[in-house]
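Chemist: Starting off with a structure, shown below.
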Amino acid sequence: MVGHIVVDPSKCTGCRYCELWCSYTHEKVFSPSLSRIRVIKDDLIGMDYPIVCKHCSNAPCIQVCPTGALYRDKNGLVKLLKEKCTKCGACIEACSYGALFRNPVDLTPLICDLCGGKPVCVSKCPTNALSIYPLMEVHLGKSEHLGKQYTVAVEDYKSILERWGILVKSE
Amino acid sequence: MLSQSRLYGYAGRILRVNLTNREIKIERLDEKFARMYIGGRGFNIARLYYEVPPGVSPLSPENKLMFATGPVAGTGFPLGARLNVSAKSPQTGILGDSNVGGHFAAEMKYAGFDQVIIEGASSTPVYIYIDDGNVEVREADELWGMPISRAYDALRKEIGDPRVQIAIIGPAAENMVKFSGIFFNRTRPAARTGLGTVMASKKLKAIAVRGEGYVEVAKPSLFEKLVEEVELEVYTHEQYWPRRIMGTSRILLAANKIGILPGNHFTEPIVPYAFDVSGEKLALKYNVKNRACFSCIVPCSRVFVVKNKNEAFMSEGPEYEALAGMTVRIGNSDLDRALKAIELVNDLGLDAITTSEVISWAMELYSKELLSTEETHGLKLEWGNMDAVLELIVDIAYRRRFGGILADGVVEAAEKLGKGIEYGFHVKKLEMIQADPRGLKGYGLGFAVSTRGADHLRSEPFVELSDDPELGLKMFGEPEATLRLGVRGKGKLVAYYENICALVDSLGVCKNLAENMNILDYSKTAKLIEAVTGFEVTPVEVRMIGERVVNLERAYDIREGVRRVHDTLPERFIKEPLKKGPSAGHVIELDEMLMEYYEVRGWNKQTGIPTREKLLELGLLDVVEDFVSRGILPACE
Ligand code: SF4
Ligand code: SF4
């Protein structure tokens with residue numbers, strides 16, 4: 001499993017501290033438009049939802065890139081070779097999460113690089129809404145022994161655990 | 001990355017939009033001006049003083065509506081989200097000024113502007129769309145008449161970008177209700193002093209802004225270090241968790257404990273049902289999620305759900321002022337209905353504080369049988385009658401029936417009815433907030449001298465709630481300064497926090513950090529200014545920036561006719577002791593505190609006019625000359 005940032009939108013406050021410090025870390029200026037993580041908000045329903053690259057194992061962005069500028073590095077992360085990028089934007093179109101953003105300065109795609117392993121957004125987030133996934137694994141035995149309700153509950157709860165960076169392995 | 005001509009920390013440009021001829025001008029930000037006033041509130045008063053002189057009618061095209069933020073907004077400094085809005089106020093006839101959080105200030109900077117100035121007036125409804133450097137005045141016929149939430153939704157869809165930030169007015173402003181605010185996206189208003197009404201007089205329904213630019217700080221490593229220090233101070237602060245859980249709604253129960261609630265229009269300083277309408281109750285039964293302003297690490301805003309099957313709804317907030325205004329001030333103990341009323345007040349675009357004053361004032365008259373059901377057009381204005389209150393709020397916004405009487409504020413309502421002015425709680429025509437100054441004397445002094453009328457956010461001397469005499473001794477050389485019922489030292493206390501407020505409102509930082517948590521003093525602010533802008537300033541110079549802004553605002557008010565006699569409080573607070581609770585027996589000793597305040601300020605004690613020496617010390621030679629030419633100061637001393 002390739003590492004990526006996961007979000008718990010019920011904790012996210014929409015402060016965009018992550019956007020600010022992501023852009024600062026990579027570009028030395030404060031600019032949400034240069035951030036690799038973007039918080040999508042809706043003030044009518046109180047939504048704050050950070051969107052960031054999942055480094056999909058079957059990454060459509062890599063597949064559509066006509067010049068091979070996008071590639072997977074040795075750690076499994078989706079990376080950009082800027083020199084090869086023709087700024088066509090096909091990758092941005094192809095990402096089904098909308099997690100690639102166009103750099104307004106040089107028009108290349110901005111992709112989360114996990115800050116080389118120490119994600120700044122995770123450490124700056126004031127509410128613990130961001131985590132790295134998979135951070136750890138929990139192994140759950142066969143749930144049948146614990147009954148139907150337990151199975152229903154644990155299946156749903158898994159998605160919450162995932163938002164905290166916890167990978168659930170069932171046997 | 002930074003272009004040579006641009007100042008660090010700033011966007012570097014000022015936008016002027018003239019709605020009469022639809023002319024759009026972009027000006028460069030001048031460094032000397034930036035050093036003198038820093039930004040935000042300072043920028044606004046510095047232009048308002050010279051560009052909107054006496055004689056300008058607040059609702060005429062000659063009035064100017066200004067939006068400005070400071071160098072800190074748009075950086076990753078915690079709590080750096082604030083925007084300041086100013087104009088001449090239609091409610092008070094003096095300085096109109098209001099400060100707001102949210103995400104607009106930062107977006108405005110990323111679009112390239114530190115200040116946006118709206119001049120003239122359109123003849124048909126319009127909105128302004130600022131998209132990076134592109135500025136357009138667009139027709140808004142379809143938006144006109146829409147309440148805030150609908151207009152916000154329609155406009156962001158028309159623009160087609162969820163990241164757009166919008167300043168909107170509601171029906172109340174369109175109907176020229178004098179206490180209408182400007183709402184940012186939905187629930188964050190610059191509500192006080194009738195700035196929404198000014199916006200409506202220009203036929204400007206909204207300003208939408210989107211920017212892809214950046215803000216660069218001058219000294220990155222100093223900046224990073226400061227941010228880390230402030231983060232630690234915030235996260236370890238005793239107010240951090242209460243603020244995060246309840247925001248300012250936590251004040252209600254605390255105010256009940258010390259007996260300073262405005263219960264039944266300042267006759268009941270403690271109420272038996274305080275818990276039922278408290279921030280604690282909201283946290284327990286209503287709140288589902290926290291939200292924050294831009295770059296804020298103290299997410300004090302709360303999304304709530306009213307879980308009442310027939311009247312269920314969701315929204316954000318409320319803050320203490322609206323909460324206490326729609327509960328204790330009007331004698332209402334039903335929290336669900338209070339939340340409904342607050343939602344209505346916001347969606348129609350009213351100022352919750354003034355709305356709560358005009359309604360509770362009418363209720364007091366009604367309870368004293370000074371107001372008849374005939375005069376209220378059938379409304380039974382008994383304490384806590386929420387059916388009547390909900391109806392009245394809508395009627396105020398549309399200027400219908402009895403609502404029309406209240407729609408110009410409490411002073412004019414009393415004039416129209418020919419009675420009740422002695423019960424109208426305002427200073428300089430701005431209605432009073434939800435705290436009884438008899439039990440919070442520094443706040444009381446602050447209401448009396450504030451440059452926008454009765455309001456706490458010009459001084460917010462929160463430390464007096466500490467009741468810690470050692471702090472007072474340390475900060476002001478007077479133990480009483482930080483005792484809420486103390487009198488001596490309050491002049492120093494209020495002047496100090498007025499300067500800090502002016503400073504942070506100019507920097508674009510939230511008062512929760514600077515006043516309530518007491519984290520930004522002059523020396524830390526000096527470092528912050530240096531890190532962000534590169535201006536090397538001493539703590540004394542920093543103090544003088546705040547002092548300069550306060551003095552220039554005072555000068556603005558003086559030029560509009562404000563004098564010492566106007567620095568006062570309603571008689572109830574000066575003459576009638578509080579009858580109950582832990583502050584019982586107290587009145588407010590205003591005169592004594594005022595004298596000390598003028599002394600500290602260097603203002604004339606008889607007239608309240610800033611002295612020539614003080615103005616010159618602050619570099620306000622132009623003001624001295626202006627005062628001399630108008631006969632406010634003698635030609636030579
Ligand atoms: S820093 Fe955390 S809380 Fe703030 S917007 Fe980002 S994910 Fe949400
Ligand atoms: S991990 Fe680093 S690069 Fe990725 S979104 Fe967070 S701050 Fe940006």
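The chains in the structure tokens are called A, B, ... from first to last as shown; in each chain the residues are counted from 1, and the ligands are counted from 1 in the order shown.
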Determine, using only C-alpha atoms and all ligand atoms, which residues of chain A have any atom at most 6 Å from an atom of ligand 1, and tabulate each with its shortest atom pair and distance in Å to one decimal place, rows ordered by chain and then rising number, as CSV.
Modeler:
residue,atom,partner,partner_atom_place_in_ligand_line,distance
A:Cys12,CA,ligand 1,8 (Fe),3.7
A:Thr13,CA,ligand 1,3 (S),4.4
A:Gly14,CA,ligand 1,5 (S),3.8
A:Cys15,CA,ligand 1,4 (Fe),4.0
A:Arg16,CA,ligand 1,5 (S),3.7
A:Tyr17,CA,ligand 1,1 (S),4.2
A:Cys18,CA,ligand 1,1 (S),4.0
A:Val39,CA,ligand 1,5 (S),5.8
A:Pro50,CA,ligand 1,7 (S),5.8
A:Cys125,CA,ligand 1,1 (S),3.7
A:Pro126,CA,ligand 1,2 (Fe),5.8
A:Thr127,CA,ligand 1,3 (S),5.3
A:Ala129,CA,ligand 1,2 (Fe),5.1
A:Leu130,CA,ligand 1,7 (S),5.5
Chemist: Could you take the residues named above and write them with all heavy atoms, as a short mmCIF file (atom, residue, chain, number, x, y, z; two decimals), in the first residue's frame?
Modeler:
data_model
loop_
_atom_site.label_atom_id
_atom_site.label_comp_id
_atom_site.auth_asym_id
_atom_site.auth_seq_id
_atom_site.Cartn_x
_atom_site.Cartn_y
_atom_site.Cartn_z
N CYS A 12 -12.17 18.24 10.39
CA CYS A 12 -11.60 19.39 9.68
C CYS A 12 -12.45 20.63 9.91
O CYS A 12 -13.67 20.59 9.81
CB CYS A 12 -11.52 19.08 8.18
SG CYS A 12 -10.96 20.49 7.21
N THR A 13 -11.79 21.75 10.24
CA THR A 13 -12.50 23.00 10.51
C THR A 13 -12.47 23.95 9.33
O THR A 13 -13.04 25.03 9.39
CB THR A 13 -11.86 23.73 11.69
OG1 THR A 13 -10.53 24.12 11.28
CG2 THR A 13 -11.78 22.86 12.92
N GLY A 14 -11.74 23.56 8.30
CA GLY A 14 -11.64 24.44 7.14
C GLY A 14 -10.73 25.63 7.35
O GLY A 14 -10.85 26.65 6.66
N CYS A 15 -9.79 25.52 8.27
CA CYS A 15 -8.91 26.66 8.55
C CYS A 15 -7.87 26.88 7.45
O CYS A 15 -7.30 27.94 7.33
CB CYS A 15 -8.20 26.48 9.88
SG CYS A 15 -6.99 25.13 9.89
N ARG A 16 -7.59 25.85 6.72
CA ARG A 16 -6.66 25.92 5.58
C ARG A 16 -5.21 26.19 6.00
O ARG A 16 -4.40 26.67 5.22
CB ARG A 16 -7.15 26.93 4.54
CG ARG A 16 -8.52 26.53 4.00
CD ARG A 16 -9.26 27.64 3.33
NE ARG A 16 -8.68 27.95 2.04
CZ ARG A 16 -8.98 29.03 1.32
NH1 ARG A 16 -9.88 29.89 1.77
NH2 ARG A 16 -8.41 29.25 0.16
N TYR A 17 -4.95 25.88 7.26
CA TYR A 17 -3.57 25.97 7.75
C TYR A 17 -2.69 25.00 6.95
O TYR A 17 -1.54 25.27 6.66
CB TYR A 17 -3.57 25.59 9.24
CG TYR A 17 -2.58 26.31 10.11
CD1 TYR A 17 -2.44 27.70 10.06
CD2 TYR A 17 -1.79 25.61 11.04
CE1 TYR A 17 -1.54 28.35 10.90
CE2 TYR A 17 -0.90 26.25 11.88
CZ TYR A 17 -0.78 27.63 11.80
OH TYR A 17 0.10 28.27 12.64
N CYS A 18 -3.30 23.85 6.59
CA CYS A 18 -2.57 22.86 5.79
C CYS A 18 -2.18 23.43 4.44
O CYS A 18 -1.04 23.28 3.99
CB CYS A 18 -3.43 21.60 5.61
SG CYS A 18 -5.11 21.92 5.04
N VAL A 39 -8.82 22.50 0.54
CA VAL A 39 -9.99 22.25 1.36
C VAL A 39 -11.22 22.79 0.62
O VAL A 39 -11.28 23.98 0.30
CB VAL A 39 -9.86 22.91 2.74
CG1 VAL A 39 -11.04 22.53 3.62
CG2 VAL A 39 -8.56 22.48 3.39
N PRO A 50 -10.84 18.29 2.91
CA PRO A 50 -9.55 18.42 2.24
C PRO A 50 -9.39 17.37 1.13
O PRO A 50 -9.71 16.20 1.34
CB PRO A 50 -8.54 18.16 3.35
CG PRO A 50 -9.30 18.22 4.63
CD PRO A 50 -10.70 17.83 4.29
N CYS A 125 -1.76 20.64 11.17
CA CYS A 125 -3.23 20.63 11.33
C CYS A 125 -3.60 20.75 12.81
O CYS A 125 -3.18 19.95 13.62
CB CYS A 125 -3.83 19.35 10.75
SG CYS A 125 -5.60 19.21 11.10
N PRO A 126 -4.40 21.76 13.16
CA PRO A 126 -4.71 22.00 14.57
C PRO A 126 -5.72 21.01 15.15
O PRO A 126 -5.90 21.00 16.36
CB PRO A 126 -5.32 23.40 14.59
CG PRO A 126 -5.26 23.92 13.21
CD PRO A 126 -4.99 22.79 12.28
N THR A 127 -6.37 20.22 14.32
CA THR A 127 -7.45 19.41 14.88
C THR A 127 -7.28 17.91 14.65
O THR A 127 -8.23 17.15 14.82
CB THR A 127 -8.81 19.82 14.28
OG1 THR A 127 -8.74 19.63 12.86
CG2 THR A 127 -9.15 21.25 14.59
N ALA A 129 -7.08 16.30 11.95
CA ALA A 129 -7.97 15.84 10.88
C ALA A 129 -7.21 15.09 9.79
O ALA A 129 -7.82 14.45 8.94
CB ALA A 129 -8.72 17.02 10.27
N LEU A 130 -5.89 15.19 9.80
CA LEU A 130 -5.08 14.57 8.75
C LEU A 130 -4.18 13.50 9.34
O LEU A 130 -3.67 13.65 10.45
CB LEU A 130 -4.21 15.63 8.05
CG LEU A 130 -4.91 16.83 7.43
CD1 LEU A 130 -3.90 17.83 6.89
CD2 LEU A 130 -5.86 16.39 6.32
#
Chemist: What residues in segment 212-261 of chain B get the DSSP label alpha helix (DSSP H)? Please answer as a PyMOL selection string.
Modeler: chain B and resi 220-235+240-246+251-258
Chemist: What residues of the protein or nucleic acid chains come within 9 Å of ligand 2 when you use only C-alpha atoms and all ligand atoms? Reply as a PyMOL selection string.
Modeler: chain A and resi 4-5+18-26+35-38+51-53+110-124+130+132
Chemist: Give me, please, the distance in Å between atom CA of Ala414 of chain B and atom CA of Leu370 of chain B, quoted to one decimal.
Modeler: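 For atom CA of Ala414 of chain B relative to atom CA of Leu370 of chain B, the distance reads 11.6 Å.
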Chemist: What's the 12 Å shell around Leu344 of chain B, counting only C-alpha atoms, without same-chain residues fewer than 6 positions away, as an MDAnalysis selection string?
Modeler: chainID B and resid 147:149 170:172 186:187 313 315 322 326 337:338 350:352 355 389:397
Chemist: Save out the residues we just selected, C-alpha atoms, as a PDB file, in the first residue's frame.
Modeler:
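Result file follows (part18.pdb):
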ATOM      1  CA  PRO B 147     -31.843  36.804   1.832  1.00  0.00           C
ATOM      2  CA  ILE B 148     -28.175  36.189   2.619  1.00  0.00           C
ATOM      3  CA  SER B 149     -28.098  32.401   2.325  1.00  0.00           C
ATOM      4  CA  GLY B 170     -29.667  41.181   2.801  1.00  0.00           C
ATOM      5  CA  PRO B 171     -33.194  42.555   2.489  1.00  0.00           C
ATOM      6  CA  ALA B 172     -32.836  44.681   5.652  1.00  0.00           C
ATOM      7  CA  ARG B 186     -23.272  33.449   5.223  1.00  0.00           C
ATOM      8  CA  THR B 187     -22.896  33.640   8.957  1.00  0.00           C
ATOM      9  CA  PHE B 313     -32.455  23.126  10.951  1.00  0.00           C
ATOM     10  CA  SER B 315     -26.472  26.484  10.872  1.00  0.00           C
ATOM     11  CA  ALA B 322     -26.550  37.136  19.331  1.00  0.00           C
ATOM     12  CA  MET B 326     -32.173  36.538  21.566  1.00  0.00           C
ATOM     13  CA  ARG B 337     -36.527  29.469  19.199  1.00  0.00           C
ATOM     14  CA  ALA B 338     -33.602  31.752  20.013  1.00  0.00           C
ATOM     15  CA  LEU B 350     -29.537  42.695  10.507  1.00  0.00           C
ATOM     16  CA  ASP B 351     -27.126  43.528  13.333  1.00  0.00           C
ATOM     17  CA  ALA B 352     -28.110  41.143  16.141  1.00  0.00           C
ATOM     18  CA  THR B 355     -31.970  44.248  16.931  1.00  0.00           C
ATOM     19  CA  VAL B 389     -40.272  38.471  18.330  1.00  0.00           C
ATOM     20  CA  LEU B 390     -40.032  36.344  15.178  1.00  0.00           C
ATOM     21  CA  GLU B 391     -42.747  38.413  13.537  1.00  0.00           C
ATOM     22  CA  LEU B 392     -41.151  41.646  14.631  1.00  0.00           C
ATOM     23  CA  ILE B 393     -37.717  40.712  13.249  1.00  0.00           C
ATOM     24  CA  VAL B 394     -39.197  40.237   9.792  1.00  0.00           C
ATOM     25  CA  ASP B 395     -41.184  43.444  10.122  1.00  0.00           C
ATOM     26  CA  ILE B 396     -38.053  45.379  11.061  1.00  0.00           C
ATOM     27  CA  ALA B 397     -36.225  44.061   8.003  1.00  0.00           C
TER      28      ALA B 397
END
Chemist: Quick one: residues within 8 Å of segment 537-542 of chain B, only C-alpha atoms, excluding same-chain residues fewer than 6 positions away - as JSON, numbers by chain?
Modeler: {"B": [503, 522, 523, 525, 526, 527, 529, 530]}
Chemist: Of the candidates A:Pro104, A:Pro109, A:Gly68, A:Gly165, which shows the shortest atom-to-atom distance to Lys87 of chain A, using only C-alpha atoms?
Modeler: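 Checking each candidate against Lys87 of chain A, we get A:Pro109 as the closest.
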Chemist: Determine the nearest neighbour of chain B from the options A:Thr86, A:Gln63, A:Ser159, A:Asn103, counting only C-alpha atoms.
Modeler: A:Asn103
Chemist: Just want the 9 Å neighbourhood of segment 217-229 of chain B, counted on only C-alpha atoms, with same-chain residues fewer than 5 positions away dropped. Output as a list of chain:residue names.
Modeler: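 So, after excluding close chain neighbours, the residues are A:Lys28, A:Val29, A:Phe30, B:Leu7, B:Tyr8, B:Gly9, B:Tyr10, B:Pro71, B:Val72, B:Thr75, B:Gly76, B:Phe77, B:Pro78, B:Val234, B:Lys524, B:Lys527, B:Leu528, B:Glu530, B:Ala531, B:Val532, B:Thr533, B:Gly534, B:Phe535.
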Chemist: Keeping only N, CA and C atoms, write those residues as a short mmCIF file (atom, residue, chain, number, x, y, z; two decimals), in the first residue's frame.
Modeler:
data_model
loop_
_atom_site.label_atom_id
_atom_site.label_comp_id
_atom_site.auth_asym_id
_atom_site.auth_seq_id
_atom_site.Cartn_x
_atom_site.Cartn_y
_atom_site.Cartn_z
N LYS A 28 7.96 28.59 -0.63
CA LYS A 28 8.45 29.73 0.16
C LYS A 28 7.52 30.93 0.21
N VAL A 29 6.30 30.76 -0.29
CA VAL A 29 5.30 31.83 -0.14
C VAL A 29 4.00 31.21 0.36
N PHE A 30 3.15 32.06 0.91
CA PHE A 30 1.85 31.58 1.36
C PHE A 30 0.84 31.78 0.25
N LEU B 7 5.79 45.39 -1.53
CA LEU B 7 6.23 45.33 -0.14
C LEU B 7 5.95 43.94 0.42
N TYR B 8 6.89 43.41 1.18
CA TYR B 8 6.67 42.13 1.85
C TYR B 8 5.44 42.19 2.74
N GLY B 9 4.69 41.10 2.76
CA GLY B 9 3.51 41.04 3.62
C GLY B 9 2.26 41.61 2.97
N TYR B 10 2.45 42.54 2.07
CA TYR B 10 1.29 43.21 1.46
C TYR B 10 1.01 42.64 0.07
N PRO B 71 -1.03 43.27 6.78
CA PRO B 71 0.04 42.44 6.23
C PRO B 71 0.01 40.99 6.73
N VAL B 72 -0.55 40.76 7.90
CA VAL B 72 -0.51 39.40 8.45
C VAL B 72 -1.52 38.48 7.77
N THR B 75 -0.95 35.20 5.42
CA THR B 75 0.26 34.45 5.78
C THR B 75 -0.20 33.27 6.64
N GLY B 76 0.72 32.44 7.03
CA GLY B 76 0.37 31.32 7.90
C GLY B 76 0.45 31.68 9.38
N PHE B 77 0.32 32.96 9.71
CA PHE B 77 0.30 33.33 11.12
C PHE B 77 -1.06 32.97 11.70
N PRO B 78 -1.07 32.31 12.88
CA PRO B 78 -2.35 31.87 13.43
C PRO B 78 -3.29 33.05 13.71
N VAL B 234 -0.78 29.37 22.40
CA VAL B 234 -2.22 29.16 22.18
C VAL B 234 -2.63 27.78 22.70
N LYS B 524 6.11 41.62 21.10
CA LYS B 524 5.91 40.52 20.16
C LYS B 524 5.36 41.04 18.82
N LYS B 527 8.12 42.29 16.64
CA LYS B 527 8.81 41.20 15.93
C LYS B 527 7.96 40.68 14.77
N LEU B 528 6.67 40.59 15.02
CA LEU B 528 5.78 40.09 13.96
C LEU B 528 5.80 41.03 12.75
N GLU B 530 8.16 43.03 11.91
CA GLU B 530 9.46 42.91 11.26
C GLU B 530 9.54 41.63 10.40
N ALA B 531 9.08 40.53 10.96
CA ALA B 531 9.15 39.26 10.23
C ALA B 531 8.32 39.30 8.95
N VAL B 532 7.15 39.94 9.04
CA VAL B 532 6.24 39.91 7.89
C VAL B 532 6.61 40.98 6.86
N THR B 533 6.82 42.21 7.34
CA THR B 533 7.01 43.32 6.38
C THR B 533 8.47 43.71 6.19
N GLY B 534 9.31 43.34 7.15
CA GLY B 534 10.69 43.77 7.10
C GLY B 534 10.90 45.15 7.73
N PHE B 535 9.82 45.83 8.11
CA PHE B 535 9.97 47.14 8.79
C PHE B 535 10.54 46.89 10.18
#
Chemist: Nearest to chain A among B:Lys157, B:Arg22, B:Lys490, B:His426, with distances taken over only C-alpha atoms: which residue is it?
Modeler: B:Lys157
Chemist: When the cut-off is 7 Å and we count only C-alpha atoms, which residues of chain B are near chain A, given as JSON, numbers by chain?
Modeler: {"B": [74, 75, 76, 162, 185, 186, 212, 213, 214, 215, 216, 289, 290, 291, 292, 293, 294, 295, 296, 297, 299, 303]}
Chemist: Skip Cys85 of chain A itself and residues of its chain fewer than 5 positions away, then list as a PDB file with N, CA, C and O atoms, in the first residue's frame all residues within 7 Å of it, counting only C-alpha atoms.
Modeler:
ATOM      1  N   THR A  67       3.583  12.338 -22.244  1.00  0.00           N
ATOM      2  CA  THR A  67       5.032  12.473 -22.401  1.00  0.00           C
ATOM      3  C   THR A  67       5.827  11.668 -21.391  1.00  0.00           C
ATOM      4  O   THR A  67       7.055  11.710 -21.375  1.00  0.00           O
ATOM      5  N   ALA A  69       5.888  12.340 -18.275  1.00  0.00           N
ATOM      6  CA  ALA A  69       6.371  13.244 -17.223  1.00  0.00           C
ATOM      7  C   ALA A  69       5.951  12.747 -15.836  1.00  0.00           C
ATOM      8  O   ALA A  69       6.619  13.017 -14.847  1.00  0.00           O
ATOM      9  N   THR A 108       2.180  23.621 -14.434  1.00  0.00           N
ATOM     10  CA  THR A 108       2.370  22.182 -14.264  1.00  0.00           C
ATOM     11  C   THR A 108       1.447  21.685 -13.146  1.00  0.00           C
ATOM     12  O   THR A 108       0.940  22.482 -12.362  1.00  0.00           O
TER      13      THR A 108
END
Chemist: May I ask for the distance between atom CA of Ile168 of chain B and atom CA of Arg250 of chain B, given in Å to one decimal place?
Modeler: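 The value is 28.2 Å.
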Chemist: Among segment 20-168 of chain A, which residues carry a DSSP assignment of strand (DSSP E), reported as a PyMOL selection string?
Modeler: chain A and resi 37-42+47-52+70-72+78-80+101-102+109-110+130-133+136-140+166-168
Chemist: Please produce an output containing C-alpha atoms for each residue in the selection, written as a tab-separated table (two decimals), in the first residue's frame.
Modeler:
chain	number	residue	atom	x	y	z
A	37	ILE	CA	-3.87	19.96	-0.55
A	38	ARG	CA	-7.10	21.92	-1.03
A	39	VAL	CA	-9.99	22.25	1.36
A	40	ILE	CA	-13.39	22.33	-0.31
A	41	LYS	CA	-15.94	24.18	1.78
A	42	ASP	CA	-19.64	24.84	1.84
A	47	MET	CA	-18.58	21.24	4.98
A	48	ASP	CA	-14.79	21.32	5.11
A	49	TYR	CA	-13.26	18.58	3.04
A	50	PRO	CA	-9.55	18.42	2.24
A	51	ILE	CA	-8.67	16.92	-1.11
A	52	VAL	CA	-5.19	15.53	-1.66
A	70	LEU	CA	4.39	11.49	-14.50
A	71	TYR	CA	5.93	8.37	-13.09
A	72	ARG	CA	5.95	6.25	-9.95
A	78	VAL	CA	3.28	9.58	-8.14
A	79	LYS	CA	5.95	12.10	-9.15
A	80	LEU	CA	6.39	14.73	-11.84
A	101	PHE	CA	-4.04	21.10	-9.17
A	102	ARG	CA	-2.66	23.39	-11.81
A	109	PRO	CA	0.36	19.87	-11.97
A	110	LEU	CA	0.87	20.15	-8.22
A	130	LEU	CA	-5.08	14.57	8.75
A	131	SER	CA	-3.08	11.37	9.02
A	132	ILE	CA	-0.70	9.33	6.97
A	133	TYR	CA	-2.08	6.06	5.69
A	136	MET	CA	-0.30	0.90	11.25
A	137	GLU	CA	-2.34	-2.22	10.83
A	138	VAL	CA	-4.85	-3.78	13.14
A	139	HIS	CA	-5.62	-7.43	12.67
A	140	LEU	CA	-9.13	-8.52	13.37
A	166	ILE	CA	-5.34	2.67	10.45
A	167	LEU	CA	-5.48	-0.22	8.05
A	168	VAL	CA	-7.78	-3.02	9.12
Chemist: Skipping near chain neighbours, those fewer than 2 positions away, what residues fall within 7 Å of segment 59-61 of chain B using only C-alpha atoms, listed as a list in words?
Modeler: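 Answer for this query is Ser57, Asn63, Pro90, Glu119, Gly120, Ala121, Val198, Ser201 and Lys202 of chain B.
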Chemist: Write the selection just made, keeping all heavy atoms, as an mmCIF file, in the first residue's frame?
Modeler:
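The new file out.cif reads:
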data_model
loop_
_atom_site.group_PDB
_atom_site.id
_atom_site.type_symbol
_atom_site.label_atom_id
_atom_site.label_comp_id
_atom_site.auth_asym_id
_atom_site.auth_seq_id
_atom_site.Cartn_x
_atom_site.Cartn_y
_atom_site.Cartn_z
ATOM 1 N N SER B 57 -23.386 63.083 3.547
ATOM 2 C CA SER B 57 -24.469 62.300 4.112
ATOM 3 C C SER B 57 -24.139 60.815 3.946
ATOM 4 O O SER B 57 -23.752 60.373 2.866
ATOM 5 C CB SER B 57 -25.767 62.684 3.389
ATOM 6 O OG SER B 57 -26.679 61.633 3.497
ATOM 7 N N ASN B 63 -20.366 59.173 0.228
ATOM 8 C CA ASN B 63 -19.769 58.331 1.269
ATOM 9 C C ASN B 63 -18.971 57.219 0.574
ATOM 10 O O ASN B 63 -19.280 56.831 -0.547
ATOM 11 C CB ASN B 63 -20.855 57.726 2.157
ATOM 12 C CG ASN B 63 -20.310 57.176 3.482
ATOM 13 O OD1 ASN B 63 -19.107 57.281 3.770
ATOM 14 N ND2 ASN B 63 -21.177 56.585 4.282
ATOM 15 N N PRO B 90 -24.483 55.470 8.838
ATOM 16 C CA PRO B 90 -25.830 56.028 8.774
ATOM 17 C C PRO B 90 -26.572 55.876 10.100
ATOM 18 O O PRO B 90 -27.567 56.541 10.342
ATOM 19 C CB PRO B 90 -26.516 55.173 7.699
ATOM 20 C CG PRO B 90 -25.769 53.887 7.684
ATOM 21 C CD PRO B 90 -24.359 54.199 8.106
ATOM 22 N N GLU B 119 -16.783 53.696 -4.256
ATOM 23 C CA GLU B 119 -17.203 55.096 -4.320
ATOM 24 C C GLU B 119 -18.461 55.221 -5.174
ATOM 25 O O GLU B 119 -18.762 54.346 -5.969
ATOM 26 C CB GLU B 119 -16.090 55.938 -4.963
ATOM 27 C CG GLU B 119 -14.733 55.709 -4.318
ATOM 28 C CD GLU B 119 -13.603 56.510 -4.975
ATOM 29 O OE1 GLU B 119 -13.769 56.962 -6.126
ATOM 30 O OE2 GLU B 119 -12.574 56.672 -4.317
ATOM 31 N N GLY B 120 -19.132 56.371 -5.044
ATOM 32 C CA GLY B 120 -20.300 56.642 -5.884
ATOM 33 C C GLY B 120 -21.451 55.711 -5.580
ATOM 34 O O GLY B 120 -21.519 55.101 -4.507
ATOM 35 N N ALA B 121 -22.379 55.604 -6.513
ATOM 36 C CA ALA B 121 -23.524 54.707 -6.345
ATOM 37 C C ALA B 121 -24.038 54.324 -7.716
ATOM 38 O O ALA B 121 -24.055 55.136 -8.638
ATOM 39 C CB ALA B 121 -24.623 55.403 -5.544
ATOM 40 N N VAL B 198 -25.009 51.240 4.027
ATOM 41 C CA VAL B 198 -24.185 52.053 3.117
ATOM 42 C C VAL B 198 -24.002 51.310 1.790
ATOM 43 O O VAL B 198 -24.150 51.879 0.708
ATOM 44 C CB VAL B 198 -22.801 52.361 3.752
ATOM 45 C CG1 VAL B 198 -21.899 53.091 2.759
ATOM 46 C CG2 VAL B 198 -22.969 53.180 5.028
ATOM 47 N N SER B 201 -27.073 51.530 -0.212
ATOM 48 C CA SER B 201 -27.295 52.860 -0.793
ATOM 49 C C SER B 201 -26.523 53.010 -2.102
ATOM 50 O O SER B 201 -26.850 53.839 -2.933
ATOM 51 C CB SER B 201 -26.902 53.959 0.201
ATOM 52 O OG SER B 201 -25.484 54.052 0.289
ATOM 53 N N LYS B 202 -25.510 52.190 -2.259
ATOM 54 C CA LYS B 202 -24.741 52.204 -3.511
ATOM 55 C C LYS B 202 -25.274 51.178 -4.500
ATOM 56 O O LYS B 202 -24.674 50.926 -5.533
ATOM 57 C CB LYS B 202 -23.265 51.943 -3.206
ATOM 58 C CG LYS B 202 -22.696 52.958 -2.217
ATOM 59 C CD LYS B 202 -21.218 52.858 -2.066
ATOM 60 C CE LYS B 202 -20.665 53.957 -1.159
ATOM 61 N NZ LYS B 202 -21.041 55.329 -1.564
#
